[in-house]
file protein.txt (compact mmCIF, N, CA and C atoms)
# COMPACT_ATOMS: atom_id res chain seq x y z
N MET A 1 -11.33 2.09 -8.16
CA MET A 1 -10.52 1.51 -9.22
C MET A 1 -9.08 1.35 -8.70
N ASN A 2 -8.47 0.28 -9.05
CA ASN A 2 -7.11 -0.02 -8.62
C ASN A 2 -6.10 0.72 -9.49
N ILE A 3 -5.02 1.16 -8.87
CA ILE A 3 -3.96 1.87 -9.58
C ILE A 3 -3.31 0.98 -10.64
N ALA A 4 -3.39 -0.33 -10.46
CA ALA A 4 -2.78 -1.26 -11.41
C ALA A 4 -3.37 -1.14 -12.80
N VAL A 5 -4.61 -0.69 -12.87
CA VAL A 5 -5.25 -0.52 -14.17
C VAL A 5 -4.72 0.72 -14.89
N LEU A 6 -4.48 1.78 -14.14
CA LEU A 6 -4.12 3.07 -14.74
C LEU A 6 -2.63 3.31 -14.90
N LEU A 7 -1.82 2.85 -13.98
CA LEU A 7 -0.41 3.23 -13.96
C LEU A 7 0.37 2.82 -15.20
N PRO A 8 0.24 1.60 -15.70
CA PRO A 8 1.03 1.27 -16.91
C PRO A 8 0.73 2.19 -18.09
N LEU A 9 -0.53 2.54 -18.28
CA LEU A 9 -0.89 3.44 -19.38
C LEU A 9 -0.36 4.84 -19.12
N PHE A 10 -0.41 5.30 -17.87
CA PHE A 10 0.11 6.62 -17.53
C PHE A 10 1.61 6.68 -17.75
N VAL A 11 2.32 5.65 -17.30
CA VAL A 11 3.78 5.62 -17.46
C VAL A 11 4.15 5.57 -18.94
N GLU A 12 3.45 4.78 -19.71
CA GLU A 12 3.74 4.67 -21.15
C GLU A 12 3.58 6.01 -21.85
N LYS A 13 2.57 6.75 -21.46
CA LYS A 13 2.29 8.03 -22.11
C LYS A 13 3.18 9.16 -21.60
N ASN A 14 3.41 9.22 -20.28
CA ASN A 14 4.09 10.37 -19.67
C ASN A 14 5.55 10.13 -19.28
N HIS A 15 5.92 8.89 -19.08
CA HIS A 15 7.30 8.56 -18.66
C HIS A 15 7.79 7.34 -19.45
N PRO A 16 7.98 7.48 -20.73
CA PRO A 16 8.39 6.33 -21.54
C PRO A 16 9.79 5.82 -21.23
N GLU A 17 10.55 6.57 -20.43
CA GLU A 17 11.90 6.13 -20.08
C GLU A 17 11.90 4.93 -19.14
N PHE A 18 10.76 4.61 -18.54
CA PHE A 18 10.69 3.47 -17.62
C PHE A 18 10.29 2.21 -18.36
N SER A 19 11.02 1.16 -18.10
CA SER A 19 10.74 -0.13 -18.73
C SER A 19 9.60 -0.83 -17.99
N SER A 20 9.14 -1.90 -18.58
CA SER A 20 8.12 -2.69 -17.90
C SER A 20 8.68 -3.33 -16.63
N LEU A 21 9.98 -3.56 -16.58
CA LEU A 21 10.61 -4.07 -15.36
C LEU A 21 10.48 -3.05 -14.23
N ALA A 22 10.71 -1.78 -14.54
CA ALA A 22 10.59 -0.74 -13.51
C ALA A 22 9.16 -0.66 -12.98
N VAL A 23 8.19 -0.79 -13.87
CA VAL A 23 6.78 -0.78 -13.44
C VAL A 23 6.49 -2.03 -12.62
N GLY A 24 7.05 -3.16 -13.01
CA GLY A 24 6.88 -4.40 -12.25
C GLY A 24 7.46 -4.30 -10.85
N ILE A 25 8.63 -3.67 -10.74
CA ILE A 25 9.23 -3.46 -9.42
C ILE A 25 8.34 -2.56 -8.57
N LEU A 26 7.79 -1.55 -9.21
CA LEU A 26 6.89 -0.64 -8.50
C LEU A 26 5.69 -1.41 -7.95
N PHE A 27 5.10 -2.28 -8.76
CA PHE A 27 3.96 -3.06 -8.29
C PHE A 27 4.36 -4.09 -7.23
N SER A 28 5.50 -4.74 -7.38
CA SER A 28 5.89 -5.78 -6.44
C SER A 28 6.29 -5.22 -5.08
N SER A 29 6.61 -3.93 -5.01
CA SER A 29 6.96 -3.34 -3.72
C SER A 29 5.80 -3.44 -2.73
N TYR A 30 4.57 -3.42 -3.22
CA TYR A 30 3.38 -3.58 -2.38
C TYR A 30 3.44 -4.92 -1.64
N GLN A 31 3.65 -6.00 -2.39
CA GLN A 31 3.66 -7.33 -1.81
C GLN A 31 4.86 -7.54 -0.89
N ILE A 32 6.00 -6.98 -1.26
CA ILE A 32 7.20 -7.14 -0.43
C ILE A 32 6.99 -6.48 0.93
N VAL A 33 6.46 -5.26 0.92
CA VAL A 33 6.20 -4.56 2.19
C VAL A 33 5.14 -5.31 2.99
N ALA A 34 4.10 -5.79 2.34
CA ALA A 34 3.06 -6.55 3.04
C ALA A 34 3.66 -7.80 3.69
N LEU A 35 4.55 -8.46 2.98
CA LEU A 35 5.19 -9.66 3.51
C LEU A 35 5.99 -9.35 4.78
N ILE A 36 6.56 -8.18 4.84
CA ILE A 36 7.34 -7.77 6.01
C ILE A 36 6.43 -7.30 7.14
N VAL A 37 5.39 -6.55 6.82
CA VAL A 37 4.54 -5.91 7.83
C VAL A 37 3.57 -6.89 8.49
N ILE A 38 3.06 -7.87 7.76
CA ILE A 38 2.05 -8.78 8.32
C ILE A 38 2.53 -9.51 9.57
N PRO A 39 3.70 -10.15 9.59
CA PRO A 39 4.11 -10.83 10.83
C PRO A 39 4.35 -9.87 11.99
N ILE A 40 4.86 -8.69 11.68
CA ILE A 40 5.09 -7.69 12.74
C ILE A 40 3.76 -7.24 13.33
N THR A 41 2.80 -6.98 12.47
CA THR A 41 1.48 -6.54 12.92
C THR A 41 0.79 -7.63 13.74
N ALA A 42 0.91 -8.87 13.30
CA ALA A 42 0.30 -9.98 14.03
C ALA A 42 0.87 -10.08 15.43
N GLU A 43 2.12 -9.76 15.56
CA GLU A 43 2.78 -9.83 16.87
C GLU A 43 2.35 -8.70 17.80
N ILE A 44 2.18 -7.49 17.27
CA ILE A 44 1.93 -6.34 18.15
C ILE A 44 0.47 -5.88 18.20
N ALA A 45 -0.39 -6.41 17.34
CA ALA A 45 -1.78 -5.92 17.28
C ALA A 45 -2.52 -6.10 18.60
N SER A 46 -2.31 -7.22 19.25
CA SER A 46 -3.01 -7.45 20.52
C SER A 46 -2.49 -6.55 21.63
N LYS A 47 -1.25 -6.10 21.51
CA LYS A 47 -0.67 -5.23 22.53
C LYS A 47 -1.15 -3.79 22.40
N VAL A 48 -1.20 -3.29 21.18
CA VAL A 48 -1.58 -1.88 20.97
C VAL A 48 -3.07 -1.72 20.73
N GLY A 49 -3.75 -2.78 20.37
CA GLY A 49 -5.19 -2.73 20.11
C GLY A 49 -5.48 -2.85 18.63
N ARG A 50 -6.35 -3.77 18.29
CA ARG A 50 -6.66 -4.02 16.88
C ARG A 50 -7.40 -2.87 16.23
N LYS A 51 -8.26 -2.21 17.00
CA LYS A 51 -9.00 -1.07 16.44
C LYS A 51 -8.06 0.09 16.14
N LYS A 52 -7.05 0.28 16.96
CA LYS A 52 -6.05 1.32 16.68
C LYS A 52 -5.27 0.98 15.41
N VAL A 53 -4.99 -0.29 15.22
CA VAL A 53 -4.30 -0.73 14.00
C VAL A 53 -5.14 -0.41 12.78
N ILE A 54 -6.44 -0.60 12.87
CA ILE A 54 -7.32 -0.28 11.75
C ILE A 54 -7.33 1.21 11.45
N VAL A 55 -7.36 2.03 12.48
CA VAL A 55 -7.33 3.49 12.28
C VAL A 55 -6.03 3.89 11.59
N VAL A 56 -4.92 3.35 12.03
CA VAL A 56 -3.63 3.66 11.40
C VAL A 56 -3.63 3.18 9.95
N ALA A 57 -4.18 2.01 9.70
CA ALA A 57 -4.21 1.47 8.34
C ALA A 57 -5.02 2.35 7.41
N VAL A 58 -6.16 2.81 7.86
CA VAL A 58 -6.99 3.68 7.03
C VAL A 58 -6.27 5.00 6.76
N PHE A 59 -5.61 5.54 7.78
CA PHE A 59 -4.86 6.78 7.61
C PHE A 59 -3.72 6.59 6.61
N VAL A 60 -2.94 5.53 6.75
CA VAL A 60 -1.81 5.27 5.86
C VAL A 60 -2.29 5.05 4.42
N SER A 61 -3.36 4.29 4.26
CA SER A 61 -3.90 4.04 2.92
C SER A 61 -4.42 5.32 2.28
N SER A 62 -5.04 6.18 3.06
CA SER A 62 -5.54 7.46 2.53
C SER A 62 -4.40 8.36 2.10
N ILE A 63 -3.36 8.43 2.89
CA ILE A 63 -2.18 9.24 2.54
C ILE A 63 -1.53 8.67 1.27
N ALA A 64 -1.46 7.35 1.17
CA ALA A 64 -0.87 6.72 -0.02
C ALA A 64 -1.67 7.06 -1.27
N THR A 65 -2.98 7.04 -1.18
CA THR A 65 -3.82 7.36 -2.33
C THR A 65 -3.62 8.81 -2.75
N ALA A 66 -3.58 9.71 -1.78
CA ALA A 66 -3.34 11.13 -2.08
C ALA A 66 -1.96 11.33 -2.69
N THR A 67 -0.98 10.59 -2.20
CA THR A 67 0.38 10.70 -2.72
C THR A 67 0.43 10.25 -4.18
N PHE A 68 -0.27 9.17 -4.50
CA PHE A 68 -0.34 8.73 -5.89
C PHE A 68 -0.95 9.81 -6.78
N GLY A 69 -1.99 10.44 -6.29
CA GLY A 69 -2.62 11.50 -7.07
C GLY A 69 -1.69 12.66 -7.30
N LEU A 70 -0.91 13.02 -6.30
CA LEU A 70 0.03 14.13 -6.43
C LEU A 70 1.26 13.75 -7.25
N ALA A 71 1.59 12.48 -7.30
CA ALA A 71 2.76 12.04 -8.08
C ALA A 71 2.59 12.34 -9.56
N ALA A 72 1.36 12.36 -10.02
CA ALA A 72 1.11 12.65 -11.44
C ALA A 72 1.52 14.07 -11.80
N LEU A 73 1.64 14.94 -10.82
CA LEU A 73 2.04 16.33 -11.07
C LEU A 73 3.55 16.50 -11.22
N ILE A 74 4.30 15.46 -10.91
CA ILE A 74 5.76 15.54 -10.97
C ILE A 74 6.22 15.22 -12.39
N ASP A 75 6.91 16.16 -13.01
CA ASP A 75 7.38 15.97 -14.39
C ASP A 75 8.68 15.17 -14.46
N ASP A 76 9.52 15.31 -13.45
CA ASP A 76 10.79 14.61 -13.41
C ASP A 76 10.55 13.11 -13.28
N GLY A 77 11.14 12.32 -14.16
CA GLY A 77 10.91 10.88 -14.18
C GLY A 77 11.31 10.19 -12.89
N MET A 78 12.50 10.46 -12.40
CA MET A 78 12.95 9.80 -11.18
C MET A 78 12.17 10.27 -9.96
N GLY A 79 11.79 11.53 -9.94
CA GLY A 79 10.96 12.03 -8.85
C GLY A 79 9.60 11.34 -8.82
N PHE A 80 9.00 11.22 -10.01
CA PHE A 80 7.72 10.53 -10.13
C PHE A 80 7.85 9.08 -9.65
N TYR A 81 8.92 8.42 -10.07
CA TYR A 81 9.10 7.01 -9.70
C TYR A 81 9.32 6.86 -8.20
N ALA A 82 10.13 7.74 -7.62
CA ALA A 82 10.41 7.65 -6.18
C ALA A 82 9.15 7.88 -5.36
N VAL A 83 8.38 8.88 -5.71
CA VAL A 83 7.14 9.17 -4.98
C VAL A 83 6.15 8.03 -5.17
N SER A 84 6.04 7.50 -6.37
CA SER A 84 5.14 6.38 -6.63
C SER A 84 5.56 5.13 -5.86
N LEU A 85 6.86 4.90 -5.77
CA LEU A 85 7.37 3.74 -5.03
C LEU A 85 7.03 3.86 -3.54
N VAL A 86 7.23 5.04 -2.98
CA VAL A 86 6.90 5.26 -1.57
C VAL A 86 5.40 5.09 -1.35
N ALA A 87 4.59 5.64 -2.26
CA ALA A 87 3.13 5.52 -2.12
C ALA A 87 2.70 4.06 -2.22
N ARG A 88 3.28 3.31 -3.12
CA ARG A 88 2.93 1.90 -3.28
C ARG A 88 3.33 1.10 -2.04
N MET A 89 4.47 1.44 -1.46
CA MET A 89 4.90 0.77 -0.24
C MET A 89 3.96 1.12 0.93
N MET A 90 3.50 2.35 0.96
CA MET A 90 2.53 2.75 1.99
C MET A 90 1.22 1.99 1.81
N GLN A 91 0.80 1.79 0.57
CA GLN A 91 -0.41 1.00 0.32
C GLN A 91 -0.24 -0.42 0.83
N GLY A 92 0.91 -1.00 0.57
CA GLY A 92 1.17 -2.36 1.04
C GLY A 92 1.13 -2.45 2.55
N ALA A 93 1.70 -1.46 3.22
CA ALA A 93 1.71 -1.45 4.68
C ALA A 93 0.29 -1.27 5.22
N GLY A 94 -0.46 -0.34 4.64
CA GLY A 94 -1.83 -0.11 5.10
C GLY A 94 -2.72 -1.32 4.91
N ASP A 95 -2.64 -1.94 3.76
CA ASP A 95 -3.45 -3.14 3.51
C ASP A 95 -3.01 -4.31 4.38
N ALA A 96 -1.72 -4.42 4.64
CA ALA A 96 -1.22 -5.49 5.50
C ALA A 96 -1.77 -5.34 6.92
N LEU A 97 -1.82 -4.10 7.39
CA LEU A 97 -2.39 -3.87 8.72
C LEU A 97 -3.85 -4.30 8.77
N LEU A 98 -4.60 -3.98 7.73
CA LEU A 98 -6.01 -4.38 7.68
C LEU A 98 -6.17 -5.89 7.57
N LEU A 99 -5.29 -6.53 6.80
CA LEU A 99 -5.39 -7.99 6.61
C LEU A 99 -5.15 -8.76 7.90
N VAL A 100 -4.50 -8.15 8.86
CA VAL A 100 -4.29 -8.80 10.14
C VAL A 100 -5.39 -8.42 11.13
N ALA A 101 -5.70 -7.15 11.23
CA ALA A 101 -6.59 -6.66 12.29
C ALA A 101 -8.04 -7.06 12.08
N ILE A 102 -8.55 -6.95 10.86
CA ILE A 102 -9.97 -7.21 10.64
C ILE A 102 -10.34 -8.68 10.92
N PRO A 103 -9.62 -9.66 10.36
CA PRO A 103 -9.98 -11.05 10.70
C PRO A 103 -9.82 -11.35 12.20
N ALA A 104 -8.86 -10.73 12.85
CA ALA A 104 -8.68 -10.95 14.29
C ALA A 104 -9.89 -10.43 15.07
N ILE A 105 -10.39 -9.26 14.70
CA ILE A 105 -11.57 -8.72 15.37
C ILE A 105 -12.78 -9.59 15.11
N VAL A 106 -12.95 -10.04 13.89
CA VAL A 106 -14.09 -10.91 13.55
C VAL A 106 -14.01 -12.21 14.35
N ALA A 107 -12.83 -12.79 14.45
CA ALA A 107 -12.68 -14.04 15.19
C ALA A 107 -12.96 -13.86 16.67
N ILE A 108 -12.60 -12.72 17.22
CA ILE A 108 -12.84 -12.46 18.65
C ILE A 108 -14.32 -12.16 18.92
N GLU A 109 -14.94 -11.38 18.05
CA GLU A 109 -16.32 -10.95 18.26
C GLU A 109 -17.34 -12.05 17.97
N PHE A 110 -17.04 -12.91 17.01
CA PHE A 110 -17.99 -13.95 16.61
C PHE A 110 -17.40 -15.33 16.82
N THR A 111 -17.14 -15.66 18.07
CA THR A 111 -16.50 -16.93 18.39
C THR A 111 -17.39 -18.13 18.12
N ASP A 112 -18.71 -17.93 18.13
CA ASP A 112 -19.62 -19.03 17.90
C ASP A 112 -19.81 -19.38 16.45
N LYS A 113 -19.29 -18.57 15.54
CA LYS A 113 -19.48 -18.82 14.11
C LYS A 113 -18.14 -19.04 13.46

call {"tool": "encode", "arguments": {"input": "protein.txt", "output": "structure tokens"}}
result
Amino acid sequence: MNIAVLLPLFVEKNHPEFSSLAVGILFSSYQIVALIVIPITAEIASKVGRKKVIVVAVFVSSIATATFGLAALIDDGMGFYAVSLVARMMQGAGDALLLVAIPAIVAIEFTDK
């Protein structure tokens, strides 16, 4: 299940001090980081190895998911928001790495298709 389904309801119930704009910024941080990371990854993936990029992406995405889970334990509003923002940015970076590496591997391995 995607965090986008749960987070607005969680914030409304547990952190009503945050506006919908703050939640929107939290969600858009994923795309902003992905926009920055994708060209960088495309440039360096062939140098460091695409499979290594995938391993890093899975690790970063796993840490981001765990961070989101732990963020719910933070009672302080700004602390919760800061940790959630970092976790969302990590998700964007991890997914961006995968969005570059996986199609590159497929294109290299299956050149006839």

call {"tool": "select_by_dssp", "arguments": {"input": "protein.txt", "residues": "chain A", "states": "alpha helix (DSSP H)", "output": "ChimeraX atom specification"}}
result
/A:3-14,20-48,50-71,77-109

call {"tool": "closest_residue", "arguments": {"input": "protein.txt", "among": "A:Ser29, A:Ser20, A:Thr41, A:Asn14", "to": "A:Leu85", "atoms": "all atoms listed in the file"}}
result
A:Ser29

call {"tool": "atom_distance", "arguments": {"input": "protein.txt", "atom1": "atom N of A:Val83", "atom2": "atom CA of A:Ala101"}}
result
28.1 Å

call {"tool": "atom_distance", "arguments": {"input": "protein.txt", "atom1": "atom CA of A:Leu26", "atom2": "atom CA of A:Gly77"}}
result
13.5 Å

call {"tool": "residues_around", "arguments": {"input": "protein.txt", "residues": "A:His15", "least_positions_apart": "6", "cutoff": "8 Å", "atoms": "all atoms listed in the file", "output": "PDB file with N, CA and C atoms, keeping the file's coordinate frame"}}
result
ATOM      1  N   LEU A   9      -0.530   2.540 -18.280  1.00  0.00           N
ATOM      2  CA  LEU A   9      -0.890   3.440 -19.380  1.00  0.00           C
ATOM      3  C   LEU A   9      -0.360   4.840 -19.120  1.00  0.00           C
ATOM      4  N   ASP A  75       6.910  16.160 -13.010  1.00  0.00           N
ATOM      5  CA  ASP A  75       7.380  15.970 -14.390  1.00  0.00           C
ATOM      6  C   ASP A  75       8.680  15.170 -14.460  1.00  0.00           C
ATOM      7  N   ASP A  76       9.520  15.310 -13.450  1.00  0.00           N
ATOM      8  CA  ASP A  76      10.790  14.610 -13.410  1.00  0.00           C
ATOM      9  C   ASP A  76      10.550  13.110 -13.280  1.00  0.00           C
ATOM     10  N   GLY A  77      11.140  12.320 -14.160  1.00  0.00           N
ATOM     11  CA  GLY A  77      10.910  10.880 -14.180  1.00  0.00           C
ATOM     12  C   GLY A  77      11.310  10.190 -12.890  1.00  0.00           C
TER      13      GLY A  77
END
